[in-house]
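Next comes structure-v1.cif, a file with mmCIF, C-alpha atoms and all ligand atoms.
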data_start
loop_
_atom_site.label_atom_id
_atom_site.label_comp_id
_atom_site.auth_asym_id
_atom_site.auth_seq_id
_atom_site.Cartn_x
_atom_site.Cartn_y
_atom_site.Cartn_z
CA MET A 243 97.47 67.23 78.83
CA THR A 244 100.40 69.61 78.45
CA GLN A 245 103.70 67.70 78.10
CA LYS A 246 106.71 69.44 79.57
CA ALA A 247 110.40 68.51 79.81
CA THR A 248 111.35 66.87 83.11
CA VAL A 249 113.31 69.03 85.55
CA ILE A 250 115.25 67.38 88.39
CA SER A 251 115.60 69.25 91.69
CA PRO A 252 117.86 67.38 94.15
CA SER A 253 116.98 68.13 97.77
CA ILE A 254 120.05 69.01 99.79
CA LEU A 255 118.24 67.90 102.95
CA ALA A 256 119.72 64.47 102.20
CA ALA A 257 123.21 65.79 101.40
CA ASP A 258 126.23 65.66 103.72
CA ALA A 259 125.91 69.07 105.38
CA MET A 260 129.62 69.18 106.18
CA ARG A 261 130.43 68.94 102.46
CA LEU A 262 127.53 70.98 101.09
CA GLY A 263 129.43 72.78 98.32
CA GLU A 264 130.76 69.53 96.84
CA GLU A 265 127.36 67.92 97.25
CA VAL A 266 125.69 70.69 95.26
CA ARG A 267 128.42 70.58 92.61
CA SER A 268 128.02 66.82 92.20
CA VAL A 269 124.35 67.09 91.23
CA LEU A 270 124.86 70.11 88.96
CA ASP A 271 127.65 68.19 87.20
CA GLY A 272 125.28 65.21 87.12
CA GLY A 273 122.73 67.16 85.09
CA ALA A 274 120.27 68.54 87.68
CA GLU A 275 118.48 71.70 86.54
CA TYR A 276 117.47 72.97 90.01
CA ILE A 277 118.75 72.75 93.59
CA HIS A 278 115.96 72.24 96.14
CA VAL A 279 116.48 73.96 99.50
CA ASP A 280 114.07 72.94 102.28
CA VAL A 281 113.63 75.68 104.86
CA MET A 282 111.86 74.50 108.06
CA ASP A 283 110.97 76.50 111.17
CA GLY A 284 110.02 73.79 113.68
CA VAL A 285 106.48 75.25 113.79
CA PHE A 286 104.88 74.71 110.39
CA VAL A 287 106.64 71.32 110.36
CA PRO A 288 108.13 69.44 113.34
CA ASN A 289 111.72 69.80 112.16
CA LEU A 290 114.45 72.41 111.63
CA SER A 291 116.75 72.68 108.64
CA PHE A 292 118.44 75.42 106.65
CA GLY A 293 118.00 79.16 106.64
CA VAL A 294 119.04 82.28 104.80
CA PRO A 295 122.87 81.92 105.09
CA VAL A 296 122.80 78.60 103.23
CA VAL A 297 120.95 80.21 100.31
CA ARG A 298 123.25 83.24 100.35
CA ASN A 299 126.45 81.19 100.38
CA MET A 300 125.15 78.80 97.76
CA ARG A 301 124.34 81.71 95.47
CA ARG A 302 127.87 83.04 95.95
CA MET A 303 129.46 79.70 95.09
CA PHE A 304 127.04 78.89 92.21
CA PRO A 305 126.10 82.19 90.55
CA ASP A 306 124.17 80.52 87.73
CA ALA A 307 122.37 77.77 89.67
CA PHE A 308 118.59 77.76 89.86
CA LEU A 309 117.79 77.80 93.57
CA ASP A 310 114.38 76.25 94.25
CA VAL A 311 113.55 77.39 97.79
CA HIS A 312 110.74 75.51 99.57
CA LEU A 313 109.60 77.45 102.63
CA MET A 314 107.99 75.19 105.24
CA ILE A 315 107.51 78.08 107.67
CA THR A 316 104.51 79.90 109.16
CA LYS A 317 103.65 83.31 107.72
CA PRO A 318 106.34 83.13 105.02
CA GLY A 319 105.36 86.61 103.81
CA ARG A 320 107.72 87.97 106.49
CA TYR A 321 110.79 86.46 104.80
CA ILE A 322 110.28 86.86 101.05
CA GLY A 323 112.52 89.96 100.78
CA THR A 324 115.25 88.24 102.77
CA PHE A 325 115.29 85.06 100.68
CA SER A 326 115.09 87.10 97.50
CA ALA A 327 118.13 89.17 98.52
CA ALA A 328 119.94 85.97 99.48
CA GLY A 329 119.61 84.72 95.90
CA ALA A 330 116.56 82.45 95.57
CA SER A 331 115.39 81.86 91.98
CA LEU A 332 111.97 80.51 92.88
CA ILE A 333 110.22 80.68 96.23
CA THR A 334 107.48 78.24 97.13
CA VAL A 335 105.23 78.91 100.10
CA HIS A 336 102.53 76.66 101.56
CA VAL A 337 98.87 77.52 101.06
CA GLU A 338 98.31 76.42 104.69
CA ALA A 339 101.01 78.73 106.08
CA GLU A 340 99.16 82.06 105.81
CA GLU A 341 95.61 83.23 106.40
CA PRO A 342 93.90 83.05 102.98
CA GLU A 343 93.80 86.84 102.62
CA PHE A 344 97.61 86.97 102.75
CA VAL A 345 98.40 84.14 100.31
CA GLY A 346 97.80 86.39 97.31
CA GLU A 347 99.91 89.17 98.82
CA THR A 348 102.79 86.78 99.43
CA ILE A 349 102.66 85.48 95.85
CA ALA A 350 102.58 89.06 94.57
CA GLU A 351 105.56 89.94 96.72
CA ILE A 352 107.60 87.00 95.38
CA ARG A 353 106.82 88.12 91.83
CA SER A 354 107.59 91.76 92.62
CA HIS A 355 111.20 90.71 93.27
CA GLY A 356 111.34 89.23 89.77
CA LEU A 357 111.28 85.66 91.10
CA LYS A 358 109.12 82.72 90.15
CA ALA A 359 106.35 81.97 92.65
CA GLY A 360 105.34 78.48 93.75
CA LEU A 361 102.47 77.38 95.97
CA ALA A 362 102.68 74.08 97.86
CA ILE A 363 99.89 71.93 99.25
CA ARG A 364 100.09 69.25 101.94
CA PRO A 365 98.64 65.82 101.12
CA LYS A 366 95.41 66.30 103.12
CA THR A 367 94.55 69.90 102.21
CA PRO A 368 91.59 70.23 99.79
CA LEU A 369 92.68 71.26 96.29
CA ASP A 370 90.04 74.03 96.27
CA GLU A 371 92.39 76.08 98.43
CA LEU A 372 94.80 76.43 95.50
CA GLU A 373 92.24 77.48 92.98
CA PRO A 374 92.13 81.28 93.44
CA TRP A 375 95.91 81.52 92.97
CA LEU A 376 96.49 79.19 90.02
CA PRO A 377 96.64 81.95 87.35
CA ASP A 378 99.43 83.78 89.23
CA LEU A 379 101.85 80.90 89.77
CA SER A 380 104.91 79.54 87.98
CA MET A 381 104.70 76.28 89.89
CA VAL A 382 102.36 74.22 92.07
CA LEU A 383 104.07 71.85 94.50
CA VAL A 384 101.97 68.79 95.28
CA MET A 385 103.55 67.19 98.36
CA THR A 386 103.76 63.42 98.03
CA VAL A 387 104.63 62.98 101.74
CA GLU A 388 103.71 64.99 104.85
CA PRO A 389 106.36 67.73 104.81
CA GLY A 390 109.09 67.75 107.44
CA PHE A 391 111.37 64.80 106.82
CA GLY A 392 113.25 63.09 104.02
CA ALA A 393 113.14 59.39 103.13
CA GLN A 394 109.43 58.82 103.79
CA PRO A 395 107.37 56.48 101.58
CA PHE A 396 105.63 57.97 98.54
CA MET A 397 101.87 58.54 98.99
CA THR A 398 100.21 56.91 95.99
CA ASP A 399 96.92 58.62 96.85
CA GLN A 400 98.42 61.91 95.64
CA LEU A 401 98.50 60.75 92.01
CA PRO A 402 94.86 61.66 91.26
CA ARG A 403 95.49 65.07 92.87
CA ILE A 404 98.44 65.72 90.54
CA ARG A 405 96.18 64.81 87.61
CA GLU A 406 93.45 67.14 88.86
CA VAL A 407 95.84 70.07 89.36
CA ARG A 408 97.28 69.51 85.86
CA ALA A 409 93.76 69.58 84.39
CA GLN A 410 92.90 72.79 86.25
CA LEU A 411 96.17 74.44 85.19
CA ASP A 412 95.65 73.46 81.58
CA ARG A 413 92.47 75.54 81.72
CA VAL A 414 93.79 78.65 83.46
CA ASN A 415 97.62 78.65 83.30
CA PRO A 416 99.02 75.99 80.95
CA GLY A 417 102.62 77.20 81.27
CA CYS A 418 102.64 76.50 85.03
CA ASP A 419 104.81 73.62 86.25
CA ILE A 420 103.85 70.93 88.74
CA GLU A 421 106.53 69.88 91.22
CA VAL A 422 106.34 66.79 93.40
CA ASP A 423 108.32 66.33 96.61
CA GLY A 424 108.68 63.26 98.80
CA GLY A 425 109.42 59.63 98.09
CA ILE A 426 110.49 60.20 94.48
CA THR A 427 112.58 57.29 93.16
CA ASP A 428 113.11 55.57 89.82
CA GLN A 429 109.97 53.56 90.67
CA THR A 430 107.67 56.50 91.49
CA ALA A 431 109.07 59.00 88.96
CA PRO A 432 107.25 57.43 85.97
CA LEU A 433 103.97 57.52 87.93
CA VAL A 434 104.18 61.21 88.77
CA ARG A 435 105.33 62.14 85.27
CA GLU A 436 102.43 60.22 83.78
CA ALA A 437 100.06 62.05 86.16
CA GLY A 438 101.36 65.42 84.90
CA ALA A 439 104.21 66.45 87.23
CA ASN A 440 107.32 67.76 85.46
CA VAL A 441 109.58 69.05 88.29
CA LEU A 442 110.81 66.16 90.42
CA VAL A 443 112.40 66.76 93.83
CA ALA A 444 114.48 63.88 95.14
CA GLY A 445 116.61 63.79 98.27
CA SER A 446 117.53 60.33 99.48
CA PHE A 447 117.25 58.71 96.04
CA ILE A 448 119.96 60.98 94.61
CA TYR A 449 122.16 61.62 97.64
CA GLY A 450 121.98 57.99 98.72
CA LYS A 451 123.85 56.98 95.58
CA PRO A 452 127.52 57.57 94.81
CA ASP A 453 126.86 58.12 91.09
CA ARG A 454 124.66 61.22 91.02
CA ALA A 455 124.51 61.48 87.21
CA ARG A 456 123.20 57.92 87.04
CA ALA A 457 120.56 58.54 89.72
CA ILE A 458 119.39 61.70 87.93
CA ALA A 459 119.22 59.88 84.58
CA ALA A 460 117.23 57.09 86.25
CA LEU A 461 114.64 59.63 87.45
CA ARG A 462 114.27 60.83 83.87
CA GLY A 463 113.67 57.22 82.77
CA LYS A 464 116.89 57.34 80.73
CA ILE A 465 118.48 54.22 82.30
C1 LIG B 501 110.18 66.97 102.92
C2 LIG B 501 111.04 67.82 102.05
C3 LIG B 501 111.65 67.11 100.90
C4 LIG B 501 112.60 65.98 101.24
C5 LIG B 501 112.38 64.89 100.24
O1 LIG B 501 109.47 67.76 103.79
O2 LIG B 501 110.27 68.90 101.52
O3 LIG B 501 112.23 68.00 99.96
O4 LIG B 501 113.96 66.37 101.21
O5 LIG B 501 113.14 63.79 100.60
P1 LIG B 501 113.04 62.37 99.88
O6 LIG B 501 113.30 62.58 98.42
O7 LIG B 501 114.12 61.59 100.55
O8 LIG B 501 111.68 61.84 100.14
ZN ZN B 502 110.95 70.18 99.78
#

Would you put the structure from the file into structure tokens?
Ligand code: DX5
Ligand code: ZN
Amino acid sequence: MTQKATVISPSILAADAMRLGEEVRSVLDGGAEYIHVDVMDGVFVPNLSFGVPVVRNMRRMFPDAFLDVHLMITKPGRYIGTFSAAGASLITVHVEAEEPEFVGETIAEIRSHGLKAGLAIRPKTPLDELEPWLPDLSMVLVMTVEPGFGAQPFMTDQLPRIREVRAQLDRVNPGCDIEVDGGITDQTAPLVREAGANVLVAGSFIYGKPDRARAIAALRGKI
């Protein structure tokens, strides 16, 4: 199995929205490589969150930050240009969010803007649905909770799926990352890393702690 350095992507869904700039700065100072921005439309998932202005303002305040934008919206192809112009570094769309014939077009559009493309899969969607797109991706996001809300318990039954995606990627696209999102803590991080995930999203585990650097180090297994 390909071994990759661990990347930590704190999810600002769990941050104090009234102090968002400081909250982002605290995790960048604490060693996080990415900032994870959850965009929800109340249709693809039963919740609403951030939109384009948050990405745009974050890019202005943090010109060098890597903005990992997770679109939990239906037909995300409509918004790729907008999020690209706002300053996303990587855009992840859900394989369930478009008709299959448009998934490839959306990935191509993300890449045409010079951005990294990610494809996410919900816990109950068959892995076969990812397969046609694996060679074109920079990242596969294996959800480890049902998307929509932070602070849900980690779904252990996703571990074999992470392993399976890693094995498939090693055959067709070994440079591709695997991100996990939902229920990641110092207890579950070693399990997902062992299964082959290397980009770890964490919301409540990081933002629930006053010492962000310590929480981030704990996810890397460094404490
Ligand atoms: C869930 C979101 C996650 C969420 C994770 O739909 O995609 O990014 O913020 O939250 P935790 O780490 O608290 O499970
Ligand atoms: Zn997310």

Excluding range 366-381 of chain A and residues on its chain fewer than 3 positions from it, collect all residues at most 10 Å away from it, counting all atoms listed in the file, and give them as an MDAnalysis selection string. chainID A and resid 332:334 336:338 342 345:346 349:350 353 357:363 384:385 387:388 400 403:404 406:407 410:411 413:421 440:441

The distance between CA of Glu436 in chain A and CA of Ser268 in chain A is 27.7 Å

Nearby residues, ligand ZN 502 (chain B), 12 Å, only C-alpha atoms and all ligand atoms, as an mmCIF file with C-alpha atoms, keeping the file's coordinate frame:
data_model
loop_
_atom_site.group_PDB
_atom_site.id
_atom_site.type_symbol
_atom_site.label_atom_id
_atom_site.label_comp_id
_atom_site.auth_asym_id
_atom_site.auth_seq_id
_atom_site.Cartn_x
_atom_site.Cartn_y
_atom_site.Cartn_z
ATOM 1 C CA SER A 251 115.600 69.250 91.690
ATOM 2 C CA PRO A 252 117.860 67.380 94.150
ATOM 3 C CA SER A 253 116.980 68.130 97.770
ATOM 4 C CA ILE A 254 120.050 69.010 99.790
ATOM 5 C CA LEU A 255 118.240 67.900 102.950
ATOM 6 C CA ALA A 256 119.720 64.470 102.200
ATOM 7 C CA ILE A 277 118.750 72.750 93.590
ATOM 8 C CA HIS A 278 115.960 72.240 96.140
ATOM 9 C CA VAL A 279 116.480 73.960 99.500
ATOM 10 C CA ASP A 280 114.070 72.940 102.280
ATOM 11 C CA VAL A 281 113.630 75.680 104.860
ATOM 12 C CA MET A 282 111.860 74.500 108.060
ATOM 13 C CA VAL A 287 106.640 71.320 110.360
ATOM 14 C CA SER A 291 116.750 72.680 108.640
ATOM 15 C CA PHE A 292 118.440 75.420 106.650
ATOM 16 C CA LEU A 309 117.790 77.800 93.570
ATOM 17 C CA ASP A 310 114.380 76.250 94.250
ATOM 18 C CA VAL A 311 113.550 77.390 97.790
ATOM 19 C CA HIS A 312 110.740 75.510 99.570
ATOM 20 C CA LEU A 313 109.600 77.450 102.630
ATOM 21 C CA MET A 314 107.990 75.190 105.240
ATOM 22 C CA ILE A 315 107.510 78.080 107.670
ATOM 23 C CA ILE A 333 110.220 80.680 96.230
ATOM 24 C CA THR A 334 107.480 78.240 97.130
ATOM 25 C CA VAL A 335 105.230 78.910 100.100
ATOM 26 C CA HIS A 336 102.530 76.660 101.560
ATOM 27 C CA GLY A 360 105.340 78.480 93.750
ATOM 28 C CA LEU A 361 102.470 77.380 95.970
ATOM 29 C CA ALA A 362 102.680 74.080 97.860
ATOM 30 C CA ILE A 363 99.890 71.930 99.250
ATOM 31 C CA ARG A 364 100.090 69.250 101.940
ATOM 32 C CA LEU A 383 104.070 71.850 94.500
ATOM 33 C CA VAL A 384 101.970 68.790 95.280
ATOM 34 C CA MET A 385 103.550 67.190 98.360
ATOM 35 C CA THR A 386 103.760 63.420 98.030
ATOM 36 C CA VAL A 387 104.630 62.980 101.740
ATOM 37 C CA GLU A 388 103.710 64.990 104.850
ATOM 38 C CA PRO A 389 106.360 67.730 104.810
ATOM 39 C CA GLY A 390 109.090 67.750 107.440
ATOM 40 C CA PHE A 391 111.370 64.800 106.820
ATOM 41 C CA GLY A 392 113.250 63.090 104.020
ATOM 42 C CA ALA A 393 113.140 59.390 103.130
ATOM 43 C CA GLU A 421 106.530 69.880 91.220
ATOM 44 C CA VAL A 422 106.340 66.790 93.400
ATOM 45 C CA ASP A 423 108.320 66.330 96.610
ATOM 46 C CA GLY A 424 108.680 63.260 98.800
ATOM 47 C CA GLY A 425 109.420 59.630 98.090
ATOM 48 C CA ILE A 426 110.490 60.200 94.480
ATOM 49 C CA VAL A 441 109.580 69.050 88.290
ATOM 50 C CA LEU A 442 110.810 66.160 90.420
ATOM 51 C CA VAL A 443 112.400 66.760 93.830
ATOM 52 C CA ALA A 444 114.480 63.880 95.140
ATOM 53 C CA GLY A 445 116.610 63.790 98.270
ATOM 54 C CA SER A 446 117.530 60.330 99.480
#

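Of the listed residues (A:Ala437, A:Pro432, A:Pro295, A:Val382), A:Pro432 comes nearest to Lys464 in chain A; the distances count all atoms listed in the file.
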
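Residues surrounding Arg462 in chain A within 10 Å are Ala247, Thr248, Val249, Ile250, Asp428, Ala431, Pro432, Arg435, Asn440, Leu442, Arg456, Ala457 and Ile458 of chain A [all atoms listed in the file; sequence separation below 4 positions excluded].
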
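One distance worth recording is that between CA of Val266 in chain A and CA of Met300 in chain A, which is 8.5 Å.
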
Of the candidates A:Ala455, A:Leu290, A:Ala307, A:Ala274, which one gets nearest to ligand LIG 501 (chain B) if we count all atoms listed in the file? A:Leu290

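Using only C-alpha atoms and all ligand atoms, the shortest contact distance between ligand LIG 501 (chain B) and any of A:Phe304, A:Phe286, A:Phe344, A:Phe325 is found at A:Phe286.
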
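CA of Val434 in chain A sits 19.8 Å away from CA of Gly273 in chain A.
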
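Residue nearest ligand LIG 501 (chain B) within the list A:Asp283, A:Glu340, A:Glu275, A:Glu351: A:Asp283 [criterion: smallest interatomic distance, all atoms listed in the file].
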
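Using all atoms listed in the file for every distance, the candidate list A:Gly356, A:Gly323, A:Pro288, A:Gly463 yields A:Pro288 as the residue closest to ligand LIG 501 (chain B).
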
Can you take range 381-398 of chain A from the block and write C-alpha atoms as a compact mmCIF listing (two decimals), in the first residue's frame?
# COMPACT_ATOMS: atom_id res chain seq x y z
CA MET A 381 -8.57 12.95 -3.91
CA VAL A 382 -11.33 10.52 -2.97
CA LEU A 383 -13.37 11.49 0.10
CA VAL A 384 -14.76 8.47 1.93
CA MET A 385 -17.41 9.82 4.30
CA THR A 386 -17.20 8.20 7.73
CA VAL A 387 -20.59 9.63 8.80
CA GLU A 388 -23.75 10.49 6.84
CA PRO A 389 -22.95 14.01 5.60
CA GLY A 390 -24.82 16.99 7.02
CA PHE A 391 -23.78 17.45 10.62
CA GLY A 392 -20.67 17.61 12.77
CA ALA A 393 -19.99 15.62 15.94
CA GLN A 394 -21.56 12.33 14.82
CA PRO A 395 -20.03 8.98 15.80
CA PHE A 396 -17.45 7.44 13.45
CA MET A 397 -18.79 4.58 11.29
CA THR A 398 -16.36 1.71 11.75
